[in-house]
Number of protein chains: 4
Amino acid sequence: MDRTRLEAFSDGVFAVAITLLALNLVVEGPGRLHPTLPHQLWEHRWSFAAYLISFFMIGIIWVNHHVLIRSIALVDRLLLFLNLVLLLFVVLIPFATATVAQYLPVDDEDTRVAMALYCAVFLGMSVGFSSIFEWTLHGDHRFEPLPPQTHWAARLRFVGGSGVYVVALVVALFNAYAAFVLIALVAVYYIAQHTPSSPAEPRGPDDAGETEVHQ
Amino acid sequence: MDRTRLEAFSDGVFAVAITLLALNLVVEGPGRLHPTLPHQLWEHRWSFAAYLISFFMIGIIWVNHHVLIRSIALVDRLLLFLNLVLLLFVVLIPFATATVAQYLPVDDEDTRVAMALYCAVFLGMSVGFSSIFEWTLHGDHRFEPLPPQTHWAARLRFVGGSGVYVVALVVALFNAYAAFVLIALVAVYYIAQHTPSSPAEPRGPDDAGETEVHQ
Amino acid sequence: MDRTRLEAFSDGVFAVAITLLALNLVVEGPGRLHPTLPHQLWEHRWSFAAYLISFFMIGIIWVNHHVLIRSIALVDRLLLFLNLVLLLFVVLIPFATATVAQYLPVDDEDTRVAMALYCAVFLGMSVGFSSIFEWTLHGDHRFEPLPPQTHWAARLRFVGGSGVYVVALVVALFNAYAAFVLIALVAVYYIAQHTPSSPAEPRGPDDAGETEVHQ
Amino acid sequence: MDRTRLEAFSDGVFAVAITLLALNLVVEGPGRLHPTLPHQLWEHRWSFAAYLISFFMIGIIWVNHHVLIRSIALVDRLLLFLNLVLLLFVVLIPFATATVAQYLPVDDEDTRVAMALYCAVFLGMSVGFSSIFEWTLHGDHRFEPLPPQTHWAARLRFVGGSGVYVVALVVALFNAYAAFVLIALVAVYYIAQHTPSSPAEPRGPDDAGETEVHQ
């Protein structure tokens with residue numbers, strides 16, 4: 001069993017993708033030809049909002065990836081390729097973020113296309129993630145196999161997760177800003193749901209290390 | 001024996017190179033001077049196709065690198081430099097991908113040159129990979145040395161792998177699109193061949209961890 | 001307990017962010033239209049100064065992150081998200097550095113805004129760092145919990161650290177260059193304070209490995 | 001003792017810096033306004049040569065860093081900051097490479113300045129590396145301290161290494177191409193010197209893992 005390089009490579013891709021997000025943030029130099037810096041920063045407000053949301057979305061994917069991969073007892077080539085499919089969409093997030101940030105200032109047909117693209121990338125990522133989860137349900141892939149009767153409930157939750165992105169994609173075709181808010185709410189939901197409300201409460205050493213999520 | 005940093009550095013390069021692929025995907029901002037976004041995305045269809053193929057090619061190289069390095073019992077400086085030669089070509093993949101994506105929309109002499117360059121980078125990568133494999137055949141470099149009578153069969157397979165890229169390079173000089181399809185088929189072949197068809201079948205713990213590939 | 005991936009992901013982000021700093025350093029090609037290279041390098045003197053300061057600031061954050069995370073006994077999801085908040089600002093450092101380097105050559109209102117932005121990013125980073133430290137004070141989060149009577153002294157030091165960036169931010173609104181010097185002094189202070197003055201003196205093996213910093 | 005994160009962070013920086021080298025390789029799109037692709041590739045011959053040399057220089061630094069850090073028994077903050085100084089120059093290599101590649105096609109005063117800058121970055125890197133080596137000579141910093149009588153011989157070799165870059169820098173001020181060849185020879189020398197000539201010869205398991213270099 002060797003999850004080390006799977007994790008190292010994935011962490012590398014997550015780290016580079018999350019850092020490249022900020023490459024979209026560029027202001028023009030000083031001079032009479034350019035607006036003042038506060039004006040430019042205000043013009044880039046959608047870029048900053050998109051940066052913020054995409055940053056936490058990649059962060060959430062990374063946290064969930066972390067938890068899911070830790071439950072895996074063996075690594076086979078199918079898992080490696082499913083993981084590649086997930087990363088294929090993670091790597092597209094900076095591109096989709098840059099595109100949506102460019103088109104949000106204008107509110108036209110292209111804005112809706114850009115937002116649908118943004119949602120589609122998250123949908124692809126979600127499907128990739130779900131396929132890794134599906135893989136864990138079979139054979140001896142997990143350290144502690146989930147009881148079969150819980151499989152459909154777990155799948156339903158994953159389908160639900162992907163379903164939100166389908167909804168956001170459809171909403172985007174009518175109102176890009178509503179879809180943007182929906183994606184932001186997904187990020188807030190994931191952060192709020194899985195973060196213990198009273199982190200200060202003492203825990204025993206038997207509880208150390210992680211809070212199980214996907215069970 | 002310390003494969004850790006060899007793997008960490010290589011994984012870093014693979015991760016950065018695979019993520020930089022998406023830097024080629026850029027759309028122009030909104031405004032009358034630019035085509036509509038769907039039109040732009042359609043104009044970039046070759047960029048997306050090249051992104052897809054190069055992404056999986058780097059992913060496949062990473063998976064094979066993963067398996068090959070795991071079979072290695074000792075790391076010497078020659079291995080480190082052979083690995084650098086492999087990475088030299090991996091790092092060139094984003095450049096070759098960007099170049100071929102730029103020239104695929106026009107179908108002229110330059111398109112064929114760009115595709116030949118793309119194939120040449122994969123050929124160089126393949127030769128680098130084969131040289132690492134050759135290195136493993138000697139001395140005590142592997143945990144479980146391959147029986148000498150299998151060496152030539154194994155080499156033949158590697159030469160065959162490089163041979164496909166030579167064929168693709170020659171094809172590219174006549175028809176860039178045929179060579180592109182050939183490279184795509186190589187990617188599909190590698191993914192299909194090494195992925196178990198029934199991943200759900202139970203495995204014993206003695207089978208855990210990896211499917212041996214290069215034997 | 002599994003700090004490995006938290007560290008791997010964070011190290012990846014730190015490494016990419018610190019390397020992207022140098023992407024801002026670009027000279028124009030040769031030709032009559034461009035100034036001579038020495039002239040260009042002199043024109044970029046603020047870019048080099050900003051590169052130098054930001055490089056060491058990210059380096060210092062990385063060193064302190066290294067020491068703080070090593071004191072942590074368990075990783076929960078709240079810690080992962082607090083760490084994401086820290087990284088959110090680390091990733092913004094190349095953008096803030098590029099912006100401030102662009103506006104330092106002119107000395108006007110925009111220069112002060114750019115410098116305030118630069119200070120604000122470090123302030124955000126400092127607040128993120130402090131919140132991780134606050135997290136370590138509760139429950140069984142540390143291997144060796146700090147005695148409660150030392151908590152407020154430790155917090156005061158962290159508030160002091162963030163306070164310096166607040167002061168720099170306010171100073172920036174009046175004199176960008178004074179704020180720049182202040183940030184540079186913070187970097188020099190952190191490097192000087194925590195670096196043993198006589199590194200050559202022998203140490204026993206029981207002292208090996210790290211000098212505790214945050215106690 | 002915890003070298004893990006020092007190595008992980010350094011490997012990340014090396015991996016990003018070596019991959020960013022290829023970002024300088026860009027060809028212009030098709031169309032009548034642009035030269036043919038073969039013509040463009042020929043015009044970029046200095047970029048490819050500079051890419052090749054810088055790639056192997058970073059690779060060599062990484063290999064030597066690998067060997068030197070493995071000999072270290074404890075990590076203190078001074079080492080972390082000396083390592084940052086080394087990385088400060090490693091991160092500048094893509095910038096220096098891009099600059100020298102831009103100016104090599106013309107042969108004027110600026111070409112010599114660009115080449116001197118290129119050599120100066122390697123000199124800075126070499127001084128950073130030597131300072132880490134100097135650090136290892138003191139206290140209990142190494143697993144197996146070098147006998148004191150060998151210190152000056154070892155230092156002399158490091159001063160010699162830095163001396164080559166000083167010579168290259170001076171040569172650059174008179175003839176950029178001669179300095180370029182000198183740097184290339186340094187790379188070839190390091191690769192040839194430390195690579196065993198007969199890699200195929202069997203080794204015992206007691207010899208596994210590394211060939212000591214800095215003794």
# chains A, B, ... in the order shown; residues from 1 in each chain; ligands from 1
>>> interface_residues(of="chain C", to="chain A", cutoff="9 Å", atoms="only C-alpha atoms", output="PyMOL selection string")
chain C and resi 1-3+5-6+8-17+20+73-81+84-85+88+90-92+94-95+98-99+102-103+105-106+109-111+113-114+135+137-141
>>> write_last_selection(atoms="C-alpha atoms", output="PDB file, in the first residue's frame")
ATOM      1  CA  MET C   1      -2.621  12.402  13.998  1.00  0.00           C
ATOM      2  CA  ASP C   2      -1.569  13.255  10.487  1.00  0.00           C
ATOM      3  CA  ARG C   3       0.235  16.515   9.913  1.00  0.00           C
ATOM      4  CA  ARG C   5      -0.437  16.409   4.157  1.00  0.00           C
ATOM      5  CA  LEU C   6      -1.177  19.685   5.955  1.00  0.00           C
ATOM      6  CA  ALA C   8       2.957  19.063   2.273  1.00  0.00           C
ATOM      7  CA  PHE C   9       0.125  21.209   0.917  1.00  0.00           C
ATOM      8  CA  SER C  10       1.258  24.296   2.845  1.00  0.00           C
ATOM      9  CA  ASP C  11       4.865  23.798   1.774  1.00  0.00           C
ATOM     10  CA  GLY C  12       3.681  23.498  -1.809  1.00  0.00           C
ATOM     11  CA  VAL C  13       1.757  26.779  -1.585  1.00  0.00           C
ATOM     12  CA  PHE C  14       4.682  28.542   0.129  1.00  0.00           C
ATOM     13  CA  ALA C  15       7.106  27.188  -2.488  1.00  0.00           C
ATOM     14  CA  VAL C  16       4.957  28.227  -5.456  1.00  0.00           C
ATOM     15  CA  ALA C  17       4.163  31.658  -3.976  1.00  0.00           C
ATOM     16  CA  LEU C  20       6.126  33.307  -8.443  1.00  0.00           C
ATOM     17  CA  ALA C  73      -0.722  16.991  18.360  1.00  0.00           C
ATOM     18  CA  LEU C  74      -3.896  16.628  16.331  1.00  0.00           C
ATOM     19  CA  VAL C  75      -5.252  17.957  13.071  1.00  0.00           C
ATOM     20  CA  ASP C  76      -8.956  18.695  12.845  1.00  0.00           C
ATOM     21  CA  ARG C  77     -10.954  20.364  10.097  1.00  0.00           C
ATOM     22  CA  LEU C  78     -11.042  23.711  11.894  1.00  0.00           C
ATOM     23  CA  LEU C  79      -7.243  23.784  11.809  1.00  0.00           C
ATOM     24  CA  LEU C  80      -7.304  22.925   8.100  1.00  0.00           C
ATOM     25  CA  PHE C  81      -9.599  25.885   7.407  1.00  0.00           C
ATOM     26  CA  LEU C  84      -6.452  27.959   4.442  1.00  0.00           C
ATOM     27  CA  VAL C  85      -7.107  31.501   5.692  1.00  0.00           C
ATOM     28  CA  LEU C  88      -5.241  32.847   1.270  1.00  0.00           C
ATOM     29  CA  VAL C  90       0.254  34.063   1.403  1.00  0.00           C
ATOM     30  CA  VAL C  91      -1.023  33.500  -2.143  1.00  0.00           C
ATOM     31  CA  LEU C  92      -1.858  37.220  -2.399  1.00  0.00           C
ATOM     32  CA  PRO C  94       3.044  38.006  -5.161  1.00  0.00           C
ATOM     33  CA  PHE C  95       0.108  40.167  -6.352  1.00  0.00           C
ATOM     34  CA  ALA C  98       3.896  43.287  -7.990  1.00  0.00           C
ATOM     35  CA  THR C  99       1.438  46.117  -7.295  1.00  0.00           C
ATOM     36  CA  GLN C 102       4.796  49.111  -9.932  1.00  0.00           C
ATOM     37  CA  TYR C 103       3.759  52.152  -7.912  1.00  0.00           C
ATOM     38  CA  PRO C 105       8.718  54.602  -8.676  1.00  0.00           C
ATOM     39  CA  VAL C 106       6.063  57.326  -8.693  1.00  0.00           C
ATOM     40  CA  GLU C 109      -1.630  58.876  -3.805  1.00  0.00           C
ATOM     41  CA  ASP C 110      -1.659  55.516  -5.629  1.00  0.00           C
ATOM     42  CA  THR C 111       1.755  54.609  -4.205  1.00  0.00           C
ATOM     43  CA  VAL C 113      -2.741  52.895  -1.632  1.00  0.00           C
ATOM     44  CA  ALA C 114      -0.468  50.192  -3.081  1.00  0.00           C
ATOM     45  CA  TRP C 135      -6.405  27.219  18.173  1.00  0.00           C
ATOM     46  CA  LEU C 137      -4.077  26.967  23.078  1.00  0.00           C
ATOM     47  CA  HIS C 138      -7.285  24.951  23.456  1.00  0.00           C
ATOM     48  CA  GLY C 139      -8.024  21.326  24.211  1.00  0.00           C
ATOM     49  CA  ASP C 140      -5.343  18.758  23.529  1.00  0.00           C
ATOM     50  CA  HIS C 141      -4.163  20.486  20.389  1.00  0.00           C
TER      51      HIS C 141
END
>>> residues_around(residues="Trp152 in chain B", least_positions_apart="6", cutoff="12 Å", atoms="only C-alpha atoms", output="list in words")
Phe133, Glu134, Leu137, Leu146, Phe158, Val159, Gly160 and Gln215 of chain B
>>> write_last_selection(atoms="C-alpha atoms", output="compact mmCIF listing (two decimals), in the first residue's frame")
# COMPACT_ATOMS: atom_id res chain seq x y z
CA PHE B 133 14.54 1.38 -17.18
CA GLU B 134 17.83 0.26 -18.75
CA LEU B 137 18.42 -3.82 -15.38
CA LEU B 146 14.39 -9.25 -13.57
CA PHE B 158 10.31 0.06 -24.37
CA VAL B 159 11.79 0.45 -27.84
CA GLY B 160 8.30 -0.22 -29.14
CA GLN B 215 7.72 -6.98 -15.92
>>> select_by_dssp(residues="chain D", states="alpha helix (DSSP H)", output="MDAnalysis selection string")
chainID D and resid 4:20 37:43 45:70 77:103 109:136 151:172 176:194
>>> write_last_selection(atoms="C-alpha atoms", output="short mmCIF file (atom, residue, chain, number, x, y, z; two decimals), in the first residue's frame")
data_model
loop_
_atom_site.label_atom_id
_atom_site.label_comp_id
_atom_site.auth_asym_id
_atom_site.auth_seq_id
_atom_site.Cartn_x
_atom_site.Cartn_y
_atom_site.Cartn_z
CA THR D 4 11.56 16.62 6.13
CA ARG D 5 9.97 20.02 5.68
CA LEU D 6 13.27 21.73 4.86
CA GLU D 7 13.64 19.21 2.05
CA ALA D 8 9.97 19.38 1.02
CA PHE D 9 9.99 23.19 0.80
CA SER D 10 13.34 23.29 -1.00
CA ASP D 11 12.25 20.56 -3.42
CA GLY D 12 9.09 22.54 -4.10
CA VAL D 13 11.07 25.68 -4.90
CA PHE D 14 13.55 23.75 -7.08
CA ALA D 15 10.67 22.02 -8.90
CA VAL D 16 8.75 25.24 -9.56
CA ALA D 17 11.87 27.17 -10.59
CA ILE D 18 13.01 24.44 -13.00
CA THR D 19 9.55 24.22 -14.57
CA LEU D 20 9.14 28.01 -14.87
CA LEU D 37 7.67 28.33 -37.19
CA PRO D 38 11.06 26.85 -38.15
CA HIS D 39 12.35 30.41 -38.50
CA GLN D 40 10.96 31.32 -35.08
CA LEU D 41 12.46 28.20 -33.47
CA TRP D 42 15.81 29.11 -35.01
CA GLU D 43 15.48 32.67 -33.69
CA ARG D 45 18.00 28.98 -30.40
CA TRP D 46 19.61 30.98 -27.59
CA SER D 47 16.49 30.53 -25.48
CA PHE D 48 16.70 26.77 -25.94
CA ALA D 49 20.42 26.74 -25.15
CA ALA D 50 19.85 28.88 -22.04
CA TYR D 51 16.93 26.64 -21.02
CA LEU D 52 19.13 23.56 -21.37
CA ILE D 53 22.01 24.97 -19.34
CA SER D 54 19.84 26.50 -16.61
CA PHE D 55 17.81 23.28 -16.36
CA PHE D 56 20.89 21.21 -15.68
CA MET D 57 22.38 23.86 -13.38
CA ILE D 58 19.24 23.79 -11.21
CA GLY D 59 19.27 19.99 -11.44
CA ILE D 60 22.89 19.86 -10.26
CA ILE D 61 22.18 22.28 -7.40
CA TRP D 62 19.25 20.07 -6.42
CA VAL D 63 21.38 16.90 -6.47
CA ASN D 64 24.13 18.55 -4.40
CA HIS D 65 21.56 20.03 -2.01
CA HIS D 66 20.08 16.55 -1.65
CA VAL D 67 23.46 15.06 -0.69
CA LEU D 68 24.51 17.92 1.61
CA ILE D 69 21.21 18.05 3.54
CA ARG D 70 21.30 14.27 4.00
CA ARG D 77 16.88 28.33 12.39
CA LEU D 78 20.22 29.55 11.11
CA LEU D 79 20.28 26.65 8.65
CA LEU D 80 16.72 27.50 7.57
CA PHE D 81 17.75 31.07 6.80
CA LEU D 82 20.99 30.07 5.04
CA ASN D 83 18.83 27.75 2.95
CA LEU D 84 16.53 30.69 2.18
CA VAL D 85 19.53 32.66 0.89
CA LEU D 86 20.37 29.75 -1.43
CA LEU D 87 16.75 29.59 -2.63
CA LEU D 88 16.67 33.39 -3.12
CA PHE D 89 19.16 32.91 -5.96
CA VAL D 90 17.59 29.69 -7.27
CA VAL D 91 14.31 31.58 -7.71
CA LEU D 92 16.17 34.29 -9.68
CA ILE D 93 17.53 31.76 -12.20
CA PRO D 94 14.43 31.80 -14.48
CA PHE D 95 14.58 35.63 -14.56
CA ALA D 96 18.32 35.64 -15.30
CA THR D 97 17.83 32.93 -17.94
CA ALA D 98 15.06 34.85 -19.66
CA THR D 99 17.15 38.03 -19.62
CA VAL D 100 20.27 36.41 -21.05
CA ALA D 101 18.23 34.57 -23.70
CA GLN D 102 16.71 37.88 -24.81
CA TYR D 103 20.06 39.61 -25.21
CA GLU D 109 27.12 45.98 -24.30
CA ASP D 110 23.73 44.86 -22.95
CA THR D 111 24.48 41.22 -23.85
CA ARG D 112 27.54 41.39 -21.66
CA VAL D 113 25.55 42.97 -18.82
CA ALA D 114 22.88 40.25 -19.14
CA MET D 115 25.52 37.52 -19.07
CA ALA D 116 27.20 39.10 -16.06
CA LEU D 117 23.81 39.11 -14.32
CA TYR D 118 23.40 35.43 -15.22
CA CYS D 119 26.82 34.59 -13.78
CA ALA D 120 26.14 36.76 -10.69
CA VAL D 121 23.00 34.75 -9.88
CA PHE D 122 24.98 31.49 -10.04
CA LEU D 123 27.71 33.11 -7.92
CA GLY D 124 25.11 34.11 -5.32
CA MET D 125 23.72 30.59 -5.37
CA SER D 126 27.21 29.16 -4.95
CA VAL D 127 27.96 31.45 -1.99
CA GLY D 128 24.64 30.44 -0.39
CA PHE D 129 25.52 26.80 -0.90
CA SER D 130 29.02 27.27 0.54
CA SER D 131 27.57 29.00 3.61
CA ILE D 132 25.37 25.95 4.28
CA PHE D 133 28.45 23.76 3.91
CA GLU D 134 30.38 26.02 6.31
CA TRP D 135 27.50 25.66 8.77
CA THR D 136 27.82 21.85 8.61
CA HIS D 151 38.00 21.43 6.60
CA TRP D 152 40.32 23.74 4.70
CA ALA D 153 40.63 21.40 1.77
CA ALA D 154 36.84 21.15 1.61
CA ARG D 155 36.46 24.92 1.90
CA LEU D 156 39.04 25.40 -0.80
CA ARG D 157 36.98 23.24 -3.13
CA PHE D 158 33.89 25.30 -2.40
CA VAL D 159 35.79 28.56 -2.87
CA GLY D 160 37.04 27.07 -6.12
CA GLY D 161 33.45 26.38 -7.19
CA SER D 162 32.45 29.97 -6.46
CA GLY D 163 35.68 31.15 -8.08
CA VAL D 164 34.61 29.68 -11.43
CA TYR D 165 31.53 31.90 -11.37
CA VAL D 166 33.66 34.95 -10.49
CA VAL D 167 35.85 34.14 -13.50
CA ALA D 168 32.77 33.65 -15.69
CA LEU D 169 31.40 37.00 -14.47
CA VAL D 170 34.62 38.80 -15.36
CA VAL D 171 34.81 37.01 -18.73
CA ALA D 172 31.18 38.03 -19.39
CA ALA D 176 29.31 37.06 -23.27
CA TYR D 177 29.56 33.94 -25.42
CA ALA D 178 32.81 32.78 -23.83
CA ALA D 179 31.20 33.13 -20.40
CA PHE D 180 28.17 31.18 -21.61
CA VAL D 181 30.43 28.35 -22.78
CA LEU D 182 32.23 28.45 -19.43
CA ILE D 183 28.95 28.04 -17.51
CA ALA D 184 27.98 25.19 -19.85
CA LEU D 185 31.34 23.53 -19.16
CA VAL D 186 30.72 23.85 -15.41
CA ALA D 187 27.44 21.98 -15.89
CA VAL D 188 29.07 19.28 -18.02
CA TYR D 189 31.92 18.98 -15.50
CA TYR D 190 29.57 18.47 -12.55
CA ILE D 191 27.50 15.89 -14.43
CA ALA D 192 30.56 14.02 -15.74
CA GLN D 193 32.57 14.14 -12.53
CA HIS D 194 29.95 12.75 -10.24
#
>>> decode(residues="range 98-151 of chain C", atoms="C-alpha atoms", output="PDB file, in the first residue's frame")
ATOM      1  CA  ALA C  98       3.896  43.287  -7.990  1.00  0.00           C
ATOM      2  CA  THR C  99       1.438  46.117  -7.295  1.00  0.00           C
ATOM      3  CA  VAL C 100       3.652  47.926  -4.810  1.00  0.00           C
ATOM      4  CA  ALA C 101       6.704  47.506  -7.068  1.00  0.00           C
ATOM      5  CA  GLN C 102       4.796  49.111  -9.932  1.00  0.00           C
ATOM      6  CA  TYR C 103       3.759  52.152  -7.912  1.00  0.00           C
ATOM      7  CA  LEU C 104       6.889  52.797  -5.815  1.00  0.00           C
ATOM      8  CA  PRO C 105       8.718  54.602  -8.676  1.00  0.00           C
ATOM      9  CA  VAL C 106       6.063  57.326  -8.693  1.00  0.00           C
ATOM     10  CA  ASP C 107       5.342  58.930  -5.361  1.00  0.00           C
ATOM     11  CA  ASP C 108       1.676  59.810  -5.362  1.00  0.00           C
ATOM     12  CA  GLU C 109      -1.630  58.876  -3.805  1.00  0.00           C
ATOM     13  CA  ASP C 110      -1.659  55.516  -5.629  1.00  0.00           C
ATOM     14  CA  THR C 111       1.755  54.609  -4.205  1.00  0.00           C
ATOM     15  CA  ARG C 112       0.302  55.011  -0.730  1.00  0.00           C
ATOM     16  CA  VAL C 113      -2.741  52.895  -1.632  1.00  0.00           C
ATOM     17  CA  ALA C 114      -0.468  50.192  -3.081  1.00  0.00           C
ATOM     18  CA  MET C 115       1.679  50.171   0.044  1.00  0.00           C
ATOM     19  CA  ALA C 116      -1.409  50.030   2.287  1.00  0.00           C
ATOM     20  CA  LEU C 117      -2.570  47.006   0.246  1.00  0.00           C
ATOM     21  CA  TYR C 118       0.856  45.413   0.724  1.00  0.00           C
ATOM     22  CA  CYS C 119       0.675  45.967   4.485  1.00  0.00           C
ATOM     23  CA  ALA C 120      -2.939  44.743   4.588  1.00  0.00           C
ATOM     24  CA  VAL C 121      -1.955  41.422   3.012  1.00  0.00           C
ATOM     25  CA  PHE C 122       0.733  40.920   5.675  1.00  0.00           C
ATOM     26  CA  LEU C 123      -1.791  41.941   8.339  1.00  0.00           C
ATOM     27  CA  GLY C 124      -4.259  39.343   7.039  1.00  0.00           C
ATOM     28  CA  MET C 125      -1.507  36.751   7.029  1.00  0.00           C
ATOM     29  CA  SER C 126      -0.584  37.685  10.595  1.00  0.00           C
ATOM     30  CA  VAL C 127      -4.205  37.424  11.769  1.00  0.00           C
ATOM     31  CA  GLY C 128      -4.483  34.007  10.087  1.00  0.00           C
ATOM     32  CA  PHE C 129      -1.291  32.910  11.811  1.00  0.00           C
ATOM     33  CA  SER C 130      -2.500  34.193  15.179  1.00  0.00           C
ATOM     34  CA  SER C 131      -5.783  32.326  14.807  1.00  0.00           C
ATOM     35  CA  ILE C 132      -3.869  29.065  14.287  1.00  0.00           C
ATOM     36  CA  PHE C 133      -1.867  29.874  17.412  1.00  0.00           C
ATOM     37  CA  GLU C 134      -5.081  30.617  19.337  1.00  0.00           C
ATOM     38  CA  TRP C 135      -6.405  27.219  18.173  1.00  0.00           C
ATOM     39  CA  THR C 136      -3.327  25.508  19.646  1.00  0.00           C
ATOM     40  CA  LEU C 137      -4.077  26.967  23.078  1.00  0.00           C
ATOM     41  CA  HIS C 138      -7.285  24.951  23.456  1.00  0.00           C
ATOM     42  CA  GLY C 139      -8.024  21.326  24.211  1.00  0.00           C
ATOM     43  CA  ASP C 140      -5.343  18.758  23.529  1.00  0.00           C
ATOM     44  CA  HIS C 141      -4.163  20.486  20.389  1.00  0.00           C
ATOM     45  CA  ARG C 142      -0.525  20.688  21.458  1.00  0.00           C
ATOM     46  CA  PHE C 143       1.843  17.900  22.401  1.00  0.00           C
ATOM     47  CA  GLU C 144       2.911  19.955  25.401  1.00  0.00           C
ATOM     48  CA  PRO C 145       0.115  22.371  26.346  1.00  0.00           C
ATOM     49  CA  LEU C 146       1.341  25.800  27.388  1.00  0.00           C
ATOM     50  CA  PRO C 147       0.597  26.596  31.040  1.00  0.00           C
ATOM     51  CA  PRO C 148      -2.610  28.729  31.119  1.00  0.00           C
ATOM     52  CA  GLN C 149      -0.888  31.622  32.893  1.00  0.00           C
ATOM     53  CA  THR C 150       1.376  32.065  29.844  1.00  0.00           C
ATOM     54  CA  HIS C 151      -1.522  32.254  27.342  1.00  0.00           C
TER      55      HIS C 151
END
